[in-house]
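Structure record follows, encoded as structure tokens.
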Amino acid sequence: MEKMNRGILTALSAIGIAQGLKILTHYKLTGKWDLKQAFTTGGMPSSHSAGVAALAAYVAANKGWLHTETSLATVFGVIVMYDAQGIRRHTGEIAKLVNDLEDNMAKFSGEFPSFEYVEREKELKELLGHQPVEVGAGALLGVALGLISAKLEDGKPSKPNG
């Protein structure tokens, strides 16, 4: 069986490492260990950024900065990182406002029995995107991992074709 594409493995590894680091950063902020942080969106560092930056750095180290594949990986990465700290973060902020509105409506309906209101069972998820510093940290982690992966690959003897 052929080995998995090294670029894919590098990107997925960066995502996994970044998700694992969220446990540590959560502990640092709250003083509580929470293994569920490894399976959440948002938080420090951005695993989306780590994954796309690792892929772009790996491709650049192997193909060069002027290669089309490097351009594709870089543009794709910039779009993902922009989305993570822009649209997804704003969506989370809107979810927080909706949840706050829901809480206020529940209080209001308790004060006015004639006001009909059915409360949702589950709040909207608020932590969806990233602050710019979380995206930057994920990108730095990803670039480092991508370059390390390319360097490790360079040190291995290449297989003969055929």
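Residue numbers start at 1 in each chain; chains themselves are named A, B, ... in the order of the structure tokens; ligands are numbered from 1 in the order shown.
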Give me, as a PDB file with C-alpha atoms, in the first residue's frame, all polymer residues having an atom no more than 10 Å from stretch 77-84 of chain A, counting only C-alpha atoms and skipping those fewer than 2 positions away in the same chain.
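File written: result35.pdb
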```
ATOM      1  CA  THR A  41     -14.105  25.094  16.986  1.00  0.00           C
ATOM      2  CA  GLY A  42     -12.544  28.436  17.806  1.00  0.00           C
ATOM      3  CA  SER A  46      -6.568  28.098  15.044  1.00  0.00           C
ATOM      4  CA  SER A  47      -6.326  24.571  13.660  1.00  0.00           C
ATOM      5  CA  HIS A  48      -7.730  25.769  10.320  1.00  0.00           C
ATOM      6  CA  SER A  49      -4.839  28.208  10.034  1.00  0.00           C
ATOM      7  CA  ALA A  50      -2.315  25.628  11.179  1.00  0.00           C
ATOM      8  CA  GLY A  51      -3.482  23.125   8.565  1.00  0.00           C
ATOM      9  CA  VAL A  52      -3.503  25.434   5.559  1.00  0.00           C
ATOM     10  CA  ALA A  53      -0.262  27.168   6.563  1.00  0.00           C
ATOM     11  CA  ALA A  54       1.461  23.796   7.035  1.00  0.00           C
ATOM     12  CA  LEU A  55       0.344  22.707   3.581  1.00  0.00           C
ATOM     13  CA  ALA A  56       1.432  25.974   1.939  1.00  0.00           C
ATOM     14  CA  SER A  71       0.273  29.837  -5.208  1.00  0.00           C
ATOM     15  CA  LEU A  72      -2.813  27.636  -4.975  1.00  0.00           C
ATOM     16  CA  ALA A  73      -2.020  26.465  -1.436  1.00  0.00           C
ATOM     17  CA  THR A  74      -1.240  30.015  -0.294  1.00  0.00           C
ATOM     18  CA  VAL A  75      -4.387  31.599  -1.763  1.00  0.00           C
ATOM     19  CA  GLY A  86     -13.888  37.189   9.887  1.00  0.00           C
ATOM     20  CA  ILE A  87     -17.141  35.544   8.926  1.00  0.00           C
ATOM     21  CA  ARG A  88     -17.037  32.648  11.397  1.00  0.00           C
ATOM     22  CA  ARG A  89     -16.056  34.910  14.306  1.00  0.00           C
ATOM     23  CA  HIS A  90     -18.861  37.330  13.467  1.00  0.00           C
ATOM     24  CA  LEU A 128     -17.135  29.415  16.046  1.00  0.00           C
ATOM     25  CA  GLY A 129     -14.321  31.569  14.743  1.00  0.00           C
ATOM     26  CA  HIS A 130     -11.066  33.052  15.889  1.00  0.00           C
ATOM     27  CA  GLN A 131      -9.539  36.276  17.043  1.00  0.00           C
ATOM     28  CA  PRO A 132      -6.757  37.494  14.712  1.00  0.00           C
ATOM     29  CA  GLU A 134      -5.434  32.900  17.276  1.00  0.00           C
ATOM     30  CA  VAL A 135      -5.259  32.806  13.468  1.00  0.00           C
ATOM     31  CA  GLY A 136      -1.717  34.205  13.555  1.00  0.00           C
ATOM     32  CA  GLY A 138      -2.090  28.823  14.093  1.00  0.00           C
ATOM     33  CA  ALA A 139      -0.393  30.110  10.947  1.00  0.00           C
TER      34      ALA A 139
END
```
Residue contacts of A:Leu35 (9 Å, only C-alpha atoms) excluding same-chain residues fewer than 4 positions away, as an mmCIF file with all heavy atoms, in the first residue's frame:
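File written: out12.cif
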```cif
data_model
loop_
_atom_site.group_PDB
_atom_site.id
_atom_site.type_symbol
_atom_site.label_atom_id
_atom_site.label_comp_id
_atom_site.auth_asym_id
_atom_site.auth_seq_id
_atom_site.Cartn_x
_atom_site.Cartn_y
_atom_site.Cartn_z
ATOM 1 N N GLY A 20 -4.916 19.727 19.875
ATOM 2 C CA GLY A 20 -4.384 19.295 21.156
ATOM 3 C C GLY A 20 -3.888 20.459 22.004
ATOM 4 O O GLY A 20 -4.056 20.465 23.231
ATOM 5 N N LYS A 22 -5.151 23.290 22.162
ATOM 6 C CA LYS A 22 -6.294 24.006 22.735
ATOM 7 C C LYS A 22 -6.575 23.552 24.165
ATOM 8 O O LYS A 22 -7.049 24.331 24.979
ATOM 9 C CB LYS A 22 -7.539 23.812 21.866
ATOM 10 C CG LYS A 22 -7.448 24.556 20.556
ATOM 11 C CD LYS A 22 -8.678 24.355 19.716
ATOM 12 C CE LYS A 22 -8.502 25.061 18.379
ATOM 13 N NZ LYS A 22 -9.696 24.992 17.559
ATOM 14 N N ILE A 23 -6.258 22.293 24.463
ATOM 15 C CA ILE A 23 -6.419 21.796 25.829
ATOM 16 C C ILE A 23 -5.492 22.568 26.765
ATOM 17 O O ILE A 23 -5.901 23.011 27.840
ATOM 18 C CB ILE A 23 -6.116 20.281 25.902
ATOM 19 C CG1 ILE A 23 -7.114 19.497 25.048
ATOM 20 C CG2 ILE A 23 -6.137 19.794 27.351
ATOM 21 C CD1 ILE A 23 -6.726 18.046 24.832
ATOM 22 N N PHE A 39 -11.867 18.981 20.554
ATOM 23 C CA PHE A 39 -12.897 18.721 19.543
ATOM 24 C C PHE A 39 -13.808 19.925 19.323
ATOM 25 O O PHE A 39 -14.925 19.776 18.836
ATOM 26 C CB PHE A 39 -13.726 17.493 19.959
ATOM 27 C CG PHE A 39 -12.867 16.285 20.210
ATOM 28 C CD1 PHE A 39 -12.526 15.918 21.504
ATOM 29 C CD2 PHE A 39 -12.361 15.553 19.152
ATOM 30 C CE1 PHE A 39 -11.711 14.821 21.744
ATOM 31 C CE2 PHE A 39 -11.537 14.460 19.384
ATOM 32 C CZ PHE A 39 -11.220 14.082 20.676
#
```
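Pairwise distance (atom CA of A:His67, atom CA of A:Leu145) equals 20.1 Å.
Distance-wise, atom CA of A:Ala38 and atom CA of A:Thr25 end up 10.7 Å apart.
Coordinates place atom CA of A:Asp34 at a distance of 24.2 Å from atom CA of A:Thr91.
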